[in-house]
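Notes for the one structure printed next.
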Amino acid sequence: MTELYDVAAIGNAIVDVIAPATDEFLVQQGMDKGAMMLVDEVRSAAIYKAMAPGIEASGGSAANTVGGLASFGGRGAFLGKVADDQLGKVFAHDMRAIGAHFDTPPLLNGKATAVSMINVTPDGERTMSTFLGASTEFTSDDIDAAIIEAAKIVYLEGYLFDAEAARRAFAKAAGLAHGAGRMIAITLSDSFVVDRHREALLGFIENQVDLVFANASEITSLFQTDDFDAAVDALRTKVKIAAVTRSEKGSVIAAAGQTFEVSAFPVDKVMDTTGAGDQYAAGFMYGLATGRPLNVCGQLGSLAAAEVISHYGPRPLVSLKDLAASKGL
Ligand SMILES: OC[C@H]1O[C@H](O)[C@H](O)[C@@H]1O
């Protein structure tokens, strides 16, 4: 089948509310700094009421990655569930406006579109309180085989492991992708997600996944060790490529007996780390889809991550294609 997309991504379709907050605010609200906590609609509204003025922007981890990919000039598709409400329309508009394919039918007469209340402390760290709403109604029926089979890379968001129906959808997508000879990638998303679903994630990775994205806390949680290098070595035995980010220390890419250490791009001031891992994955997969060597894939990832953390919001504000060209990438 013709490859119509570089990446087809499956994830939670979320709109973000992002505002500055103090560390004291996080303590008062009982939030785990740097984590993603699931909240119900009532709690979400209460957090919103307590937050400082901020911005609203389409988010969702895998959707942000498709946004970054499109900014590099890549061809992306996104599969995820919004409701038939105003935020759902905003999310769908933003996805299509960047040139990505998005046609998962919205949820009718059900829960509202997912929102994530994101509090950003002065050090740039983001703490997310997410009401999943309609996004948990994504099921196997929403897997469009024609899209999955036409993508070079099928990219799955680990956050979806919290929803049983979405996990079955993953399995269906993985079967279709492998049947069509496509690559399967997953992001581990959050160390608490890894903690909740360690065995299921490990099984899925071993049996289905070619490329894993993770950060240091996620990978050490996956293998229940404090030793970063040991965790990378454990992961490399299970997949073709492991791309592990380490904030300002850059990233480590492990593949077939080779290891590349890639530096982070310098940033004057870290404003908001929301979407850093998502944009790293965007750059990395854009590089992979366009045939770049693994270390260059890592550099493209680092560049996109540096851009997104230098401003509020989870998606790039400049053309990543132009930015990469200006750096000779
Ligand atoms: O990775 C950041 C994203 O995770 C959450 O899903 C938020 O929507 C945010 O945009």
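Labels for the structure tokens follow display order: chains A, B, ..., residues from 1 in each chain, ligands from 1.
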- request: Would you list, as an NGL selection string, the residues of stretch 82-321 of chain A that end up in strand (DSSP E) under DSSP run on this structure's backbone?
  value: :A and (114-120 or 126-131 or 151-157 or 183-187 or 211-215 or 241-245 or 251-255 or 258-262)
query: Near stretch 164-167 of chain A, within 7 Å and counting only C-alpha atoms, which residues show up once chain neighbours fewer than 2 positions away are dropped, as a list in words?
result: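 Non-adjacent residues within range: Phe138, Thr139, Ser140, Leu160, Phe161, Asp162, Ala169, Phe170 and Ala171 of chain A.
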Would you export the selected residues with N, CA, C and O atoms as a short mmCIF file (atom, residue, chain, number, x, y, z; two decimals), in the first residue's frame, please?
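again.cif, written as the output of this step:
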```cif
data_model
loop_
_atom_site.label_atom_id
_atom_site.label_comp_id
_atom_site.auth_asym_id
_atom_site.auth_seq_id
_atom_site.Cartn_x
_atom_site.Cartn_y
_atom_site.Cartn_z
N PHE A 138 -12.68 6.16 23.08
CA PHE A 138 -12.01 5.69 21.86
C PHE A 138 -11.92 4.17 21.91
O PHE A 138 -11.42 3.61 22.90
N THR A 139 -12.41 3.50 20.89
CA THR A 139 -12.42 2.03 20.90
C THR A 139 -11.83 1.47 19.60
O THR A 139 -11.51 2.21 18.68
N SER A 140 -11.79 0.15 19.54
CA SER A 140 -11.28 -0.54 18.34
C SER A 140 -12.04 -0.11 17.09
O SER A 140 -11.49 -0.08 15.99
N LEU A 160 -2.94 5.97 27.08
CA LEU A 160 -4.16 5.22 26.75
C LEU A 160 -4.24 3.87 27.47
O LEU A 160 -5.28 3.23 27.46
N PHE A 161 -3.13 3.45 28.09
CA PHE A 161 -3.19 2.18 28.84
C PHE A 161 -4.15 2.27 30.03
O PHE A 161 -4.55 1.25 30.57
N ASP A 162 -4.50 3.51 30.42
CA ASP A 162 -5.46 3.67 31.52
C ASP A 162 -6.87 3.28 31.10
O ASP A 162 -7.74 3.12 31.95
N ALA A 169 -7.87 -1.30 21.33
CA ALA A 169 -7.66 -0.58 20.07
C ALA A 169 -6.19 -0.60 19.67
O ALA A 169 -5.84 -0.77 18.50
N PHE A 170 -5.30 -0.46 20.67
CA PHE A 170 -3.85 -0.55 20.42
C PHE A 170 -3.51 -1.89 19.78
O PHE A 170 -2.75 -1.97 18.83
N ALA A 171 -4.07 -2.95 20.38
CA ALA A 171 -3.75 -4.29 19.90
C ALA A 171 -4.20 -4.44 18.45
O ALA A 171 -3.49 -4.99 17.60
#
```
Would you mind listing, for every residue of chain A within 10 Å of ligand 1, the two atoms forming the shortest contact and the distance between them in Å to one decimal, using only C-alpha atoms and all ligand atoms, sorted by chain and ascending residue number, as a tab-separated table?
```
residue	atom	partner	partner_atom_place_in_ligand_line	distance
A:Gly11	CA	ligand 1	6 (O)	8.3
A:Asn12	CA	ligand 1	6 (O)	6.5
A:Ala13	CA	ligand 1	8 (O)	7.5
A:Ile14	CA	ligand 1	8 (O)	4.9
A:Val15	CA	ligand 1	8 (O)	6.0
A:Asp16	CA	ligand 1	8 (O)	5.3
A:Val17	CA	ligand 1	8 (O)	8.7
A:Ile18	CA	ligand 1	10 (O)	9.2
A:Ala35	CA	ligand 1	4 (O)	9.9
A:Met36	CA	ligand 1	5 (C)	7.5
A:Ala57	CA	ligand 1	10 (O)	8.1
A:Ser58	CA	ligand 1	10 (O)	7.0
A:Gly59	CA	ligand 1	10 (O)	3.5
A:Gly60	CA	ligand 1	8 (O)	3.5
A:Ser61	CA	ligand 1	1 (O)	4.0
A:Ala62	CA	ligand 1	1 (O)	7.6
A:Ala63	CA	ligand 1	10 (O)	8.1
A:Asn64	CA	ligand 1	10 (O)	6.5
A:Thr65	CA	ligand 1	1 (O)	8.7
A:Ala114	CA	ligand 1	8 (O)	8.4
A:Val115	CA	ligand 1	8 (O)	7.0
A:Ser116	CA	ligand 1	8 (O)	5.5
A:Met117	CA	ligand 1	7 (C)	8.3
A:Ile118	CA	ligand 1	7 (C)	7.7
A:Arg126	CA	ligand 1	2 (C)	8.8
A:Thr127	CA	ligand 1	4 (O)	9.7
A:Met128	CA	ligand 1	5 (C)	7.0
A:Ser129	CA	ligand 1	5 (C)	8.7
A:Thr130	CA	ligand 1	5 (C)	7.3
A:Phe131	CA	ligand 1	8 (O)	9.8
A:Leu132	CA	ligand 1	6 (O)	9.1
A:Glu157	CA	ligand 1	6 (O)	9.1
A:Tyr159	CA	ligand 1	6 (O)	7.8
A:Ser189	CA	ligand 1	1 (O)	7.3
A:Asp190	CA	ligand 1	1 (O)	9.0
A:Thr273	CA	ligand 1	2 (C)	8.4
A:Thr274	CA	ligand 1	2 (C)	5.0
A:Gly275	CA	ligand 1	2 (C)	4.2
A:Ala276	CA	ligand 1	1 (O)	7.0
A:Gly277	CA	ligand 1	1 (O)	6.5
A:Asp278	CA	ligand 1	1 (O)	5.6
A:Gln279	CA	ligand 1	1 (O)	8.7
A:Gly313	CA	ligand 1	10 (O)	7.6
A:Pro314	CA	ligand 1	10 (O)	5.2
A:Arg315	CA	ligand 1	10 (O)	8.0
```
field: Exercise: A:Leu222 partners within 8 Å, only C-alpha atoms, chain neighbours under 3 positions left out, as a list in words
entry: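 Those residues are Ser191, Val194, Asp195, Arg198, Leu202, Glu218, Ile219 and Ala231 of chain A.
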Put those residues in a file: N, CA and C atoms, as a short mmCIF file (atom, residue, chain, number, x, y, z; two decimals), in the first residue's frame.
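Done, and the output landed in again_7.cif:
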```
data_model
loop_
_atom_site.label_atom_id
_atom_site.label_comp_id
_atom_site.auth_asym_id
_atom_site.auth_seq_id
_atom_site.Cartn_x
_atom_site.Cartn_y
_atom_site.Cartn_z
N SER A 191 5.61 8.28 34.48
CA SER A 191 6.09 7.19 35.33
C SER A 191 4.96 6.55 36.14
N VAL A 194 3.34 4.06 33.92
CA VAL A 194 4.19 2.86 33.88
C VAL A 194 3.97 2.03 35.14
N ASP A 195 3.90 2.71 36.26
CA ASP A 195 3.70 2.03 37.53
C ASP A 195 2.37 1.26 37.56
N ARG A 198 2.71 -1.73 34.48
CA ARG A 198 4.05 -2.22 34.12
C ARG A 198 4.03 -3.52 33.33
N LEU A 202 5.10 -3.91 29.45
CA LEU A 202 6.26 -4.73 29.08
C LEU A 202 5.88 -5.80 28.06
N GLU A 218 10.49 7.32 33.57
CA GLU A 218 9.61 6.27 33.02
C GLU A 218 10.37 4.96 32.81
N ILE A 219 11.57 5.06 32.26
CA ILE A 219 12.30 3.82 31.94
C ILE A 219 12.81 3.15 33.23
N ALA A 231 18.70 0.32 32.91
CA ALA A 231 17.36 0.36 32.32
C ALA A 231 17.44 0.48 30.80
#
```
query: A:Ala50: which residues within 12 Å, counting only C-alpha atoms, same-chain residues fewer than 2 positions away excluded, as a list in words?
result: Ala19, Pro20, Ala21, Phe25, Leu26, Gln28, Gln29, Arg43, Ser44, Ala45, Ala46, Ile47, Tyr48, Ala52, Pro53, Gly54, Met117, Ile118 and Asn119 of chain A
query: Of the candidates A:Leu38, A:Val308, A:Ile153, A:Val244, which one gets nearest to A:Val193 if we count only C-alpha atoms?
result: A:Leu38
field: Close residues, A:Ala83 itself excluded, 6 Å, only C-alpha atoms, min 6 positions apart in chain, as a VMD selection string
entry: chain A and resid 106 to 107 112 to 113 134
Report as JSON lines the residues of stretch 2-94 of chain A within 12 Å of stretch 324-328 of chain A, each with its shortest atom pair and distance in Å (one decimal), using only C-alpha atoms, ordered by chain and increasing residue number.
```
{"residue": "A:Ser71", "atom": "CA", "partner": "A:Ala324", "partner_atom": "CA", "distance": 10.4}
{"residue": "A:Phe72", "atom": "CA", "partner": "A:Ala324", "partner_atom": "CA", "distance": 8.0}
{"residue": "A:Gly73", "atom": "CA", "partner": "A:Ala324", "partner_atom": "CA", "distance": 10.8}
```
task: Find the residues around A:Asp123 up to 10 Å (only C-alpha atoms counted), leave out those fewer than 5 positions away in its own chain, and share them as a list in words.
output: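 Residues near the query, excluding close chain neighbours: Thr22, Asp23, Lys269, Val270, Met271, Asp272 and Thr273 of chain A.
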Can those selected residues be exported to a file as an mmCIF file, in the first residue's frame so that it contains C-alpha atoms?
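The result, stored in result_19.cif:
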```cif
data_model
loop_
_atom_site.group_PDB
_atom_site.id
_atom_site.type_symbol
_atom_site.label_atom_id
_atom_site.label_comp_id
_atom_site.auth_asym_id
_atom_site.auth_seq_id
_atom_site.Cartn_x
_atom_site.Cartn_y
_atom_site.Cartn_z
ATOM 1 C CA THR A 22 3.751 28.655 42.575
ATOM 2 C CA ASP A 23 5.123 25.533 44.224
ATOM 3 C CA LYS A 269 14.953 30.284 29.718
ATOM 4 C CA VAL A 270 12.776 27.228 30.205
ATOM 5 C CA MET A 271 9.259 28.690 30.250
ATOM 6 C CA ASP A 272 7.031 25.617 30.110
ATOM 7 C CA THR A 273 8.101 21.982 29.691
#
```
Please identify which residues in stretch 116-297 of chain A DSSP calls alpha helix (DSSP H) from the backbone, and express them as a PDB file with C-alpha atoms, in the first residue's frame.
```pdb
ATOM      1  CA  ALA A 145      -7.342   0.337   8.948  1.00  0.00           C
ATOM      2  CA  ALA A 146      -6.692   2.356   5.805  1.00  0.00           C
ATOM      3  CA  ILE A 147      -4.864   5.024   7.812  1.00  0.00           C
ATOM      4  CA  ILE A 148      -2.871   2.617   9.964  1.00  0.00           C
ATOM      5  CA  GLU A 149      -1.747   0.593   6.967  1.00  0.00           C
ATOM      6  CA  GLU A 164      -9.303  -0.838  28.720  1.00  0.00           C
ATOM      7  CA  ALA A 165     -11.116  -0.193  25.408  1.00  0.00           C
ATOM      8  CA  ALA A 166      -8.214   1.872  24.094  1.00  0.00           C
ATOM      9  CA  ARG A 167      -5.807  -0.926  24.984  1.00  0.00           C
ATOM     10  CA  ARG A 168      -7.812  -3.254  22.772  1.00  0.00           C
ATOM     11  CA  ALA A 169      -7.665  -0.579  20.072  1.00  0.00           C
ATOM     12  CA  PHE A 170      -3.852  -0.546  20.422  1.00  0.00           C
ATOM     13  CA  ALA A 171      -3.750  -4.292  19.898  1.00  0.00           C
ATOM     14  CA  LYS A 172      -5.886  -3.961  16.770  1.00  0.00           C
ATOM     15  CA  ALA A 173      -3.731  -1.122  15.415  1.00  0.00           C
ATOM     16  CA  ALA A 174      -0.547  -3.055  16.142  1.00  0.00           C
ATOM     17  CA  GLY A 175      -1.862  -6.128  14.323  1.00  0.00           C
ATOM     18  CA  LEU A 176      -2.808  -4.058  11.272  1.00  0.00           C
ATOM     19  CA  ALA A 177       0.488  -2.172  11.298  1.00  0.00           C
ATOM     20  CA  HIS A 178       2.633  -5.277  11.495  1.00  0.00           C
ATOM     21  CA  GLY A 179       0.507  -6.984   8.865  1.00  0.00           C
ATOM     22  CA  SER A 191       6.094   7.186  35.328  1.00  0.00           C
ATOM     23  CA  PHE A 192       2.792   6.753  37.192  1.00  0.00           C
ATOM     24  CA  VAL A 193       1.236   5.260  34.043  1.00  0.00           C
ATOM     25  CA  VAL A 194       4.186   2.863  33.881  1.00  0.00           C
ATOM     26  CA  ASP A 195       3.699   2.026  37.534  1.00  0.00           C
ATOM     27  CA  ARG A 196       0.002   1.288  37.039  1.00  0.00           C
ATOM     28  CA  ARG A 198       4.054  -2.222  34.124  1.00  0.00           C
ATOM     29  CA  GLU A 199       3.371  -5.839  33.190  1.00  0.00           C
ATOM     30  CA  ALA A 200       0.919  -4.992  30.403  1.00  0.00           C
ATOM     31  CA  LEU A 201       3.279  -2.385  28.969  1.00  0.00           C
ATOM     32  CA  LEU A 202       6.263  -4.733  29.081  1.00  0.00           C
ATOM     33  CA  GLY A 203       4.281  -7.476  27.369  1.00  0.00           C
ATOM     34  CA  PHE A 204       3.045  -5.096  24.686  1.00  0.00           C
ATOM     35  CA  ILE A 205       6.533  -3.697  24.098  1.00  0.00           C
ATOM     36  CA  GLU A 206       8.103  -7.145  23.835  1.00  0.00           C
ATOM     37  CA  ASN A 207       5.511  -8.504  21.458  1.00  0.00           C
ATOM     38  CA  GLN A 208       4.548  -5.521  19.325  1.00  0.00           C
ATOM     39  CA  ALA A 216      14.553   8.681  32.662  1.00  0.00           C
ATOM     40  CA  SER A 217      11.867   8.306  35.316  1.00  0.00           C
ATOM     41  CA  GLU A 218       9.615   6.272  33.022  1.00  0.00           C
ATOM     42  CA  ILE A 219      12.304   3.821  31.939  1.00  0.00           C
ATOM     43  CA  THR A 220      13.660   3.320  35.466  1.00  0.00           C
ATOM     44  CA  SER A 221      10.088   2.757  36.652  1.00  0.00           C
ATOM     45  CA  LEU A 222       9.534   0.242  33.850  1.00  0.00           C
ATOM     46  CA  PHE A 228      19.593   4.572  34.226  1.00  0.00           C
ATOM     47  CA  ASP A 229      22.194   2.683  32.145  1.00  0.00           C
ATOM     48  CA  ALA A 230      20.871  -0.682  33.306  1.00  0.00           C
ATOM     49  CA  ALA A 231      17.359   0.363  32.324  1.00  0.00           C
ATOM     50  CA  VAL A 232      18.532   1.450  28.847  1.00  0.00           C
ATOM     51  CA  ASP A 233      20.335  -1.884  28.417  1.00  0.00           C
ATOM     52  CA  ALA A 234      17.239  -3.788  29.507  1.00  0.00           C
ATOM     53  CA  LEU A 235      15.094  -1.891  27.005  1.00  0.00           C
ATOM     54  CA  ARG A 236      17.518  -2.388  24.126  1.00  0.00           C
ATOM     55  CA  ALA A 276       8.891  18.554  25.480  1.00  0.00           C
ATOM     56  CA  GLY A 277       8.804  14.770  25.109  1.00  0.00           C
ATOM     57  CA  ASP A 278       6.069  15.017  22.471  1.00  0.00           C
ATOM     58  CA  GLN A 279       8.169  17.341  20.338  1.00  0.00           C
ATOM     59  CA  TYR A 280      11.272  15.191  20.803  1.00  0.00           C
ATOM     60  CA  ALA A 281       9.274  12.264  19.404  1.00  0.00           C
ATOM     61  CA  ALA A 282       8.071  14.467  16.520  1.00  0.00           C
ATOM     62  CA  GLY A 283      11.584  15.411  15.474  1.00  0.00           C
ATOM     63  CA  PHE A 284      12.907  11.895  15.953  1.00  0.00           C
ATOM     64  CA  MET A 285      10.176  10.244  13.880  1.00  0.00           C
ATOM     65  CA  TYR A 286      10.353  12.934  11.195  1.00  0.00           C
ATOM     66  CA  GLY A 287      14.050  12.104  10.922  1.00  0.00           C
ATOM     67  CA  LEU A 288      13.382   8.374  10.807  1.00  0.00           C
ATOM     68  CA  ALA A 289      10.647   8.747   8.190  1.00  0.00           C
ATOM     69  CA  LEU A 294      19.736   7.877  14.330  1.00  0.00           C
ATOM     70  CA  ASN A 295      21.962  10.568  15.841  1.00  0.00           C
ATOM     71  CA  VAL A 296      20.437  13.160  13.482  1.00  0.00           C
ATOM     72  CA  CYS A 297      16.952  11.911  14.415  1.00  0.00           C
TER      73      CYS A 297
END
```
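With only C-alpha atoms as the basis for measurement, A:Gly301 is the residue among A:Pro293, A:Pro105, A:Gly124, A:Gly301 that approaches A:Ala243 most closely.
Shortest atom-to-atom contact with A:Asp85 among A:Leu108, A:Ala306, A:Ala151, A:Val66: A:Leu108, counting only C-alpha atoms.
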query: Expressed in Å to a single decimal, how great is the separation between atom CA of A:Phe223 and atom CA of A:Lys238?
result: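 Atom CA of A:Phe223 sits 11.9 Å away from atom CA of A:Lys238.
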Between atom CA of A:Glu248 and atom CA of A:His311 - distance in Å to one decimal: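 Separating atom CA of A:His311 from atom CA of A:Glu248 is a distance of 16.1 Å.
The two atoms in question, atom CA of A:Gly158 and atom CA of A:Thr187, are spaced 5.5 Å apart.
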task: Show which residues sit within 12 Å of A:Ala264, as a list in words. Count only C-alpha atoms, and ignore same-chain residues fewer than 2 positions away.
output: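 Non-adjacent residues within range: Thr245, Arg246, Ser247, Glu248, Lys249, Gly250, Ser251, Val252, Glu261, Val262, Pro266, Val267, Ala276, Tyr280, Gly298, Gln299, Leu300, Gly301, Ser302, Leu303, Ala304, Ala305, Ala306, Glu307 and Ile309 of chain A.
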